[in-house]
file my_file_21.pdb (PDB, C-alpha atoms)
ATOM      1  CA  ALA A   1      12.505  -7.684 -20.469  1.00  0.00           C
ATOM      2  CA  GLY A   2      13.822 -10.082 -17.840  1.00  0.00           C
ATOM      3  CA  LYS A   3      12.173  -8.294 -14.889  1.00  0.00           C
ATOM      4  CA  THR A   4      10.976 -10.524 -12.048  1.00  0.00           C
ATOM      5  CA  PHE A   5       7.675  -9.387 -10.522  1.00  0.00           C
ATOM      6  CA  LEU A   6       4.470 -10.494  -8.826  1.00  0.00           C
ATOM      7  CA  HIS A   7       1.431 -10.367 -11.111  1.00  0.00           C
ATOM      8  CA  ALA A   8      -2.050 -10.106  -9.587  1.00  0.00           C
ATOM      9  CA  ASP A   9      -5.277 -10.551 -11.562  1.00  0.00           C
ATOM     10  CA  ALA A  10      -8.478 -10.159  -9.539  1.00  0.00           C
ATOM     11  CA  LYS A  11     -11.793 -10.703 -11.295  1.00  0.00           C
ATOM     12  CA  GLY A  12     -14.584 -10.041  -8.798  1.00  0.00           C
ATOM     13  CA  THR A  13     -12.263 -11.135  -5.991  1.00  0.00           C
ATOM     14  CA  SER A  14      -9.101 -10.083  -4.180  1.00  0.00           C
ATOM     15  CA  VAL A  15      -5.547 -11.321  -4.510  1.00  0.00           C
ATOM     16  CA  GLN A  16      -3.335 -10.852  -1.469  1.00  0.00           C
ATOM     17  CA  ILE A  17       0.065 -12.074  -0.402  1.00  0.00           C
ATOM     18  CA  GLY A  18       2.101 -11.184   2.650  1.00  0.00           C
ATOM     19  CA  TYR A  19       5.670 -11.467   3.843  1.00  0.00           C
ATOM     20  CA  ASN A  20       6.313 -11.703   7.580  1.00  0.00           C
ATOM     21  CA  LYS A  21       9.554  -9.907   8.372  1.00  0.00           C
ATOM     22  CA  GLU A  22      10.095  -7.802  11.466  1.00  0.00           C
ATOM     23  CA  TRP A  23      12.220  -4.642  11.345  1.00  0.00           C
ATOM     24  CA  GLN A  24      12.754  -1.485  13.380  1.00  0.00           C
ATOM     25  CA  LEU A  25      11.543   1.603  11.546  1.00  0.00           C
ATOM     26  CA  ASN A  26      14.058   3.733  13.449  1.00  0.00           C
ATOM     27  CA  ASP A  27      16.810   1.753  11.696  1.00  0.00           C
ATOM     28  CA  PHE A  28      15.129   1.157   8.313  1.00  0.00           C
ATOM     29  CA  PRO A  29      12.445   3.813   7.784  1.00  0.00           C
ATOM     30  CA  MET A  30      12.410   3.845   3.985  1.00  0.00           C
ATOM     31  CA  LEU A  31      10.305   1.597   1.770  1.00  0.00           C
ATOM     32  CA  LYS A  32      10.985   1.418  -1.967  1.00  0.00           C
ATOM     33  CA  TRP A  33       9.181  -0.533  -4.664  1.00  0.00           C
ATOM     34  CA  GLN A  34       7.953  -0.521  -8.225  1.00  0.00           C
ATOM     35  CA  TRP A  35       4.421  -1.152  -9.387  1.00  0.00           C
ATOM     36  CA  ARG A  36       2.520  -1.157 -12.623  1.00  0.00           C
ATOM     37  CA  ALA A  37      -1.236  -0.790 -12.953  1.00  0.00           C
ATOM     38  CA  VAL A  38      -2.560  -2.831 -15.855  1.00  0.00           C
ATOM     39  CA  LEU A  39      -6.331  -2.574 -15.309  1.00  0.00           C
ATOM     40  CA  LEU A  40      -8.111  -0.463 -12.697  1.00  0.00           C
ATOM     41  CA  PRO A  41     -11.364  -1.640 -11.102  1.00  0.00           C
ATOM     42  CA  VAL A  42     -14.397   0.192 -12.485  1.00  0.00           C
ATOM     43  CA  ASN A  43     -16.346   2.603 -10.259  1.00  0.00           C
ATOM     44  CA  SER A  44     -14.065   2.222  -7.271  1.00  0.00           C
ATOM     45  CA  ASN A  45     -14.371   4.633  -4.369  1.00  0.00           C
ATOM     46  CA  GLU A  46     -12.076   3.845  -1.457  1.00  0.00           C
ATOM     47  CA  ARG A  47     -14.181   6.001   0.870  1.00  0.00           C
ATOM     48  CA  VAL A  48     -17.007   3.431   1.024  1.00  0.00           C
ATOM     49  CA  LYS A  49     -17.061  -0.327   1.621  1.00  0.00           C
ATOM     50  CA  GLY A  50     -18.905  -1.038  -1.637  1.00  0.00           C
ATOM     51  CA  GLY A  51     -16.224   0.662  -3.728  1.00  0.00           C
ATOM     52  CA  ASN A  52     -13.026   0.009  -1.796  1.00  0.00           C
ATOM     53  CA  ASP A  53     -11.019  -1.701  -4.569  1.00  0.00           C
ATOM     54  CA  ASN A  54      -7.538  -1.011  -5.974  1.00  0.00           C
ATOM     55  CA  ALA A  55      -5.447  -2.388  -8.791  1.00  0.00           C
ATOM     56  CA  LEU A  56      -2.461  -1.803  -6.519  1.00  0.00           C
ATOM     57  CA  GLY A  57      -2.188  -1.677  -2.756  1.00  0.00           C
ATOM     58  CA  LEU A  58       0.903  -2.164  -0.614  1.00  0.00           C
ATOM     59  CA  TYR A  59       0.581  -2.504   3.173  1.00  0.00           C
ATOM     60  CA  VAL A  60       3.085  -2.167   5.983  1.00  0.00           C
ATOM     61  CA  VAL A  61       1.769  -4.113   8.982  1.00  0.00           C
ATOM     62  CA  PHE A  62       2.322  -3.235  12.664  1.00  0.00           C
ATOM     63  CA  GLY A  63       1.318  -4.928  15.904  1.00  0.00           C
ATOM     64  CA  GLY A  64      -0.354  -8.273  16.282  1.00  0.00           C
ATOM     65  CA  TRP A  65      -3.827  -9.690  16.448  1.00  0.00           C
ATOM     66  CA  PRO A  66      -6.169  -8.217  17.587  1.00  0.00           C
ATOM     67  CA  PHE A  67      -4.331  -4.880  17.643  1.00  0.00           C
ATOM     68  CA  VAL A  68      -3.101  -4.687  14.064  1.00  0.00           C
ATOM     69  CA  LYS A  69      -2.375  -1.322  12.459  1.00  0.00           C
ATOM     70  CA  THR A  70      -1.508  -0.855   8.801  1.00  0.00           C
ATOM     71  CA  LEU A  71      -0.405   1.811   6.391  1.00  0.00           C
ATOM     72  CA  LYS A  72      -1.768   1.114   2.920  1.00  0.00           C
ATOM     73  CA  TYR A  73      -0.280   2.855  -0.114  1.00  0.00           C
ATOM     74  CA  ILE A  74      -2.674   2.748  -3.066  1.00  0.00           C
ATOM     75  CA  TRP A  75      -3.123   3.482  -6.742  1.00  0.00           C
ATOM     76  CA  SER A  76      -6.701   4.764  -6.894  1.00  0.00           C
ATOM     77  CA  GLU A  77      -8.965   4.957  -9.898  1.00  0.00           C
ATOM     78  CA  THR A  78     -10.599   8.183  -8.689  1.00  0.00           C
ATOM     79  CA  LEU A  79      -9.163   9.734  -5.510  1.00  0.00           C
ATOM     80  CA  PRO A  80      -6.565  12.483  -6.021  1.00  0.00           C
ATOM     81  CA  VAL A  81      -2.882  11.909  -5.286  1.00  0.00           C
ATOM     82  CA  GLY A  82      -2.106  12.966  -1.728  1.00  0.00           C
ATOM     83  CA  THR A  83      -5.495  11.946  -0.345  1.00  0.00           C
ATOM     84  CA  SER A  84      -5.273  10.145   2.987  1.00  0.00           C
ATOM     85  CA  LEU A  85      -8.165   8.438   4.687  1.00  0.00           C
ATOM     86  CA  ASP A  86      -9.166   5.701   7.061  1.00  0.00           C
ATOM     87  CA  SER A  87     -10.237   2.445   5.501  1.00  0.00           C
ATOM     88  CA  PRO A  88     -14.025   2.140   5.526  1.00  0.00           C
ATOM     89  CA  PHE A  89     -13.498  -1.287   7.130  1.00  0.00           C
ATOM     90  CA  THR A  90     -11.239  -0.226  10.034  1.00  0.00           C
ATOM     91  CA  LYS A  91      -9.772   2.988  11.415  1.00  0.00           C
ATOM     92  CA  ASN A  92      -6.564   1.051  12.098  1.00  0.00           C
ATOM     93  CA  THR A  93      -5.762   1.064   8.369  1.00  0.00           C
ATOM     94  CA  LYS A  94      -4.612   4.425   7.057  1.00  0.00           C
ATOM     95  CA  MET A  95      -4.705   4.684   3.253  1.00  0.00           C
ATOM     96  CA  ILE A  96      -2.493   7.065   1.285  1.00  0.00           C
ATOM     97  CA  VAL A  97      -3.099   7.671  -2.429  1.00  0.00           C
ATOM     98  CA  LEU A  98       0.246   7.739  -4.259  1.00  0.00           C
ATOM     99  CA  ARG A  99      -1.092   7.401  -7.816  1.00  0.00           C
ATOM    100  CA  SER A 100      -4.449   8.103  -9.353  1.00  0.00           C
ATOM    101  CA  GLY A 101      -6.223   7.465 -12.609  1.00  0.00           C
ATOM    102  CA  ARG A 102      -5.129   5.971 -15.886  1.00  0.00           C
ATOM    103  CA  GLU A 103      -2.294   8.298 -16.905  1.00  0.00           C
ATOM    104  CA  SER A 104       0.529   5.843 -16.192  1.00  0.00           C
ATOM    105  CA  ILE A 105      -1.320   2.590 -16.903  1.00  0.00           C
ATOM    106  CA  GLY A 106       1.045  -0.072 -18.206  1.00  0.00           C
ATOM    107  CA  THR A 107       4.167   1.796 -17.016  1.00  0.00           C
ATOM    108  CA  TRP A 108       6.456   0.737 -14.176  1.00  0.00           C
ATOM    109  CA  VAL A 109       6.471   3.472 -11.521  1.00  0.00           C
ATOM    110  CA  ARG A 110       9.021   3.660  -8.693  1.00  0.00           C
ATOM    111  CA  GLU A 111       7.821   4.702  -5.239  1.00  0.00           C
ATOM    112  CA  THR A 112       9.764   5.705  -2.124  1.00  0.00           C
ATOM    113  CA  ARG A 113       8.118   6.353   1.239  1.00  0.00           C
ATOM    114  CA  ASP A 114       9.421   7.283   4.659  1.00  0.00           C
ATOM    115  CA  VAL A 115       7.254   4.805   6.555  1.00  0.00           C
ATOM    116  CA  LEU A 116       8.387   6.050   9.969  1.00  0.00           C
ATOM    117  CA  ALA A 117       7.268   9.598   9.117  1.00  0.00           C
ATOM    118  CA  ASP A 118       3.994   8.275   7.688  1.00  0.00           C
ATOM    119  CA  TYR A 119       3.347   6.171  10.793  1.00  0.00           C
ATOM    120  CA  ARG A 120       3.965   9.116  13.113  1.00  0.00           C
ATOM    121  CA  ARG A 121       1.773  11.392  11.014  1.00  0.00           C
ATOM    122  CA  PHE A 122      -1.190   9.124  10.372  1.00  0.00           C
ATOM    123  CA  PHE A 123      -1.310   7.467  13.783  1.00  0.00           C
ATOM    124  CA  ARG A 124      -0.658  10.852  15.431  1.00  0.00           C
ATOM    125  CA  ASP A 125       2.293   9.750  17.521  1.00  0.00           C
ATOM    126  CA  LYS A 126       5.279  12.008  16.813  1.00  0.00           C
ATOM    127  CA  ASP A 127       7.577  10.030  19.131  1.00  0.00           C
ATOM    128  CA  ALA A 128       6.619   6.517  18.051  1.00  0.00           C
ATOM    129  CA  SER A 129       9.346   3.932  17.451  1.00  0.00           C
ATOM    130  CA  PRO A 130       7.253   1.257  15.736  1.00  0.00           C
ATOM    131  CA  VAL A 131       8.350  -2.202  14.717  1.00  0.00           C
ATOM    132  CA  ALA A 132       7.028  -3.308  11.333  1.00  0.00           C
ATOM    133  CA  LYS A 133       5.850  -6.907  11.244  1.00  0.00           C
ATOM    134  CA  GLY A 134       5.688  -7.373   7.496  1.00  0.00           C
ATOM    135  CA  ILE A 135       4.535  -6.244   4.089  1.00  0.00           C
ATOM    136  CA  ALA A 136       1.465  -7.297   2.150  1.00  0.00           C
ATOM    137  CA  ILE A 137       0.167  -6.534  -1.316  1.00  0.00           C
ATOM    138  CA  LEU A 138      -3.465  -6.477  -2.380  1.00  0.00           C
ATOM    139  CA  THR A 139      -5.044  -6.226  -5.799  1.00  0.00           C
ATOM    140  CA  ASP A 140      -8.805  -6.367  -5.470  1.00  0.00           C
ATOM    141  CA  ALA A 141     -12.077  -5.929  -7.298  1.00  0.00           C
ATOM    142  CA  ASP A 142     -14.389  -7.810  -4.952  1.00  0.00           C
ATOM    143  CA  ASN A 143     -16.444  -4.846  -3.741  1.00  0.00           C
ATOM    144  CA  THR A 144     -17.113  -3.460  -7.231  1.00  0.00           C
ATOM    145  CA  ASP A 145     -17.371  -6.962  -8.740  1.00  0.00           C
ATOM    146  CA  THR A 146     -15.194  -5.810 -11.643  1.00  0.00           C
ATOM    147  CA  ARG A 147     -11.595  -6.672 -12.502  1.00  0.00           C
ATOM    148  CA  ALA A 148      -8.222  -5.287 -11.396  1.00  0.00           C
ATOM    149  CA  ILE A 149      -4.759  -6.241 -12.618  1.00  0.00           C
ATOM    150  CA  GLY A 150      -1.455  -5.025 -11.211  1.00  0.00           C
ATOM    151  CA  ASP A 151       2.217  -5.913 -10.935  1.00  0.00           C
ATOM    152  CA  TYR A 152       4.715  -5.431  -8.066  1.00  0.00           C
ATOM    153  CA  ALA A 153       8.522  -5.562  -8.092  1.00  0.00           C
ATOM    154  CA  ASP A 154      11.707  -4.688  -6.210  1.00  0.00           C
ATOM    155  CA  ILE A 155      10.179  -4.190  -2.758  1.00  0.00           C
ATOM    156  CA  GLU A 156      12.873  -3.246  -0.240  1.00  0.00           C
ATOM    157  CA  VAL A 157      13.403  -1.467   3.059  1.00  0.00           C
ATOM    158  CA  SER A 158      16.425   0.726   3.680  1.00  0.00           C
ATOM    159  CA  THR A 159      18.035   3.422   5.775  1.00  0.00           C
ATOM    160  CA  ARG A 160      17.590   7.052   4.789  1.00  0.00           C
ATOM    161  CA  GLU A 161      21.136   7.205   3.394  1.00  0.00           C
ATOM    162  CA  GLN A 162      20.738   4.376   0.887  1.00  0.00           C
TER
END
call {"tool": "encode", "arguments": {"input": "my_file_21.pdb", "output": "structure tokens"}}
result
Amino acid sequence: AGKTFLHADAKGTSVQIGYNKEWQLNDFPMLKWQWRAVLLPVNSNERVKGGNDNALGLYVVFGGWPFVKTLKYIWSETLPVGTSLDSPFTKNTKMIVLRSGRESIGTWVRETRDVLADYRRFFRDKDASPVAKGIAILTDADNTDTRAIGDYADIEVSTREQ
């Protein structure tokens, strides 16, 4: 229908792309995007390394190597909406489940997050004034050796008033 989007198809692998763009979260705390799950990886379980796969994952990246922190918003096959957890690979990645299961498969879903509030909550720093370094997306099925397909569109940062 004329919509421009990124399409990721991961069969036993991971598909990732990033965009380096620095911004102050105090000025632009909101992140908005659309995503569409097409195929969820089978038997995923983000709590363990062997099952940590998602059809859709969107990261906000902070810091620099080797002190990188990330917030990762995910569409999980199994974990309930609202679940938050550390990545089984690093405690510096905080994962937040925004969507779960197959109910909205094939449908574009719009998300809006207050990244500044999430950062302060999940990194337990109520006075933080972080600088985001970029955004990355990840569709992966490498740990479950299955397949995941997802689409991403209209990713933007904004003030709270917009």
call {"tool": "axis_aligned_box", "arguments": {"input": "my_file_21.pdb", "around": "stretch 12-25 of chain A", "padding_each_side": "3 Å", "output": "AutoDock Vina command-line options"}}
result
--center_x -0.9 --center_y -5.2 --center_z 2.3 --size_x 33.3 --size_y 19.7 --size_z 28.2
call {"tool": "closest_residue", "arguments": {"input": "my_file_21.pdb", "among": "A:Gly82, A:Gly2, A:Pro41, A:Pro130", "to": "A:Ala153", "atoms": "all atoms listed in the file"}}
result
A:Gly2
call {"tool": "closest_atom_pairs", "arguments": {"input": "my_file_21.pdb", "of": "stretch 75-157 of chain A", "to": "stretch 52-61 of chain A", "cutoff": "10 Å", "atoms": "only C-alpha atoms", "output": "CSV"}}
result
residue,atom,partner,partner_atom,distance
A:Trp75,CA,A:Leu56,CA,5.3
A:Ser76,CA,A:Asn54,CA,5.9
A:Glu77,CA,A:Asn54,CA,7.3
A:Ser87,CA,A:Asn52,CA,8.2
A:Pro88,CA,A:Asn52,CA,7.7
A:Phe89,CA,A:Asn52,CA,9.0
A:Thr93,CA,A:Tyr59,CA,8.9
A:Lys94,CA,A:Tyr59,CA,9.5
A:Met95,CA,A:Tyr59,CA,8.9
A:Ile96,CA,A:Gly57,CA,9.6
A:Val97,CA,A:Gly57,CA,9.4
A:Leu98,CA,A:Gly57,CA,9.8
A:Arg99,CA,A:Leu56,CA,9.4
A:Val115,CA,A:Val60,CA,8.1
A:Tyr119,CA,A:Val60,CA,9.6
A:Val131,CA,A:Val61,CA,8.9
A:Ala132,CA,A:Val61,CA,5.8
A:Lys133,CA,A:Val61,CA,5.4
A:Gly134,CA,A:Val61,CA,5.3
A:Ile135,CA,A:Val60,CA,4.7
A:Ala136,CA,A:Tyr59,CA,5.0
A:Ile137,CA,A:Leu58,CA,4.5
A:Leu138,CA,A:Gly57,CA,5.0
A:Thr139,CA,A:Ala55,CA,4.9
A:Asp140,CA,A:Asp53,CA,5.2
A:Ala141,CA,A:Asp53,CA,5.1
A:Asp142,CA,A:Asp53,CA,7.0
A:Asn143,CA,A:Asn52,CA,6.2
A:Thr144,CA,A:Asp53,CA,6.9
A:Asp145,CA,A:Asp53,CA,9.2
A:Thr146,CA,A:Asp53,CA,9.2
A:Arg147,CA,A:Ala55,CA,8.4
A:Ala148,CA,A:Ala55,CA,4.8
A:Ile149,CA,A:Ala55,CA,5.5
A:Gly150,CA,A:Ala55,CA,5.4
A:Asp151,CA,A:Leu56,CA,7.6
A:Tyr152,CA,A:Leu56,CA,8.2
A:Ile155,CA,A:Leu58,CA,9.7
call {"tool": "residues_around", "arguments": {"input": "my_file_21.pdb", "residues": "A:Glu156", "least_positions_apart": "2", "cutoff": "7 Å", "atoms": "only C-alpha atoms", "output": "ChimeraX atom specification"}}
result
/A:31-33,154,158
call {"tool": "atom_distance", "arguments": {"input": "my_file_21.pdb", "atom1": "atom CA of A:Phe123", "atom2": "atom CA of A:Leu40"}}
result
28.5 Å
call {"tool": "atom_distance", "arguments": {"input": "my_file_21.pdb", "atom1": "atom CA of A:Arg36", "atom2": "atom CA of A:Gly18"}}
result
18.3 Å
call {"tool": "resolve_selection", "arguments": {"input": "my_file_21.pdb", "expression": "the PyMOL selection byres ((chain A and resi 109) around 8)", "output": "PyMOL selection string"}}
result
chain A and resi 34-36+104+107-108+110-111
call {"tool": "atom_distance", "arguments": {"input": "my_file_21.pdb", "atom1": "atom CA of A:Ala37", "atom2": "atom CA of A:Ile105"}}
result
5.2 Å
call {"tool": "closest_residue", "arguments": {"input": "my_file_21.pdb", "among": "A:Thr90, A:Ser100, A:Thr4, A:Thr83", "to": "A:Ser44", "atoms": "all atoms listed in the file"}}
result
A:Ser100
call {"tool": "resolve_selection", "arguments": {"input": "my_file_21.pdb", "expression": "the PyMOL selection byres ((chain A and resi 25) around 7)", "output": "VMD selection string"}}
result
chain A and resid 23 to 24 26 to 29 116 129 to 132
call {"tool": "closest_residue", "arguments": {"input": "my_file_21.pdb", "among": "A:Ile17, A:Leu85, A:Ala10, A:Val68", "to": "A:Arg47", "atoms": "all atoms listed in the file"}}
result
A:Leu85
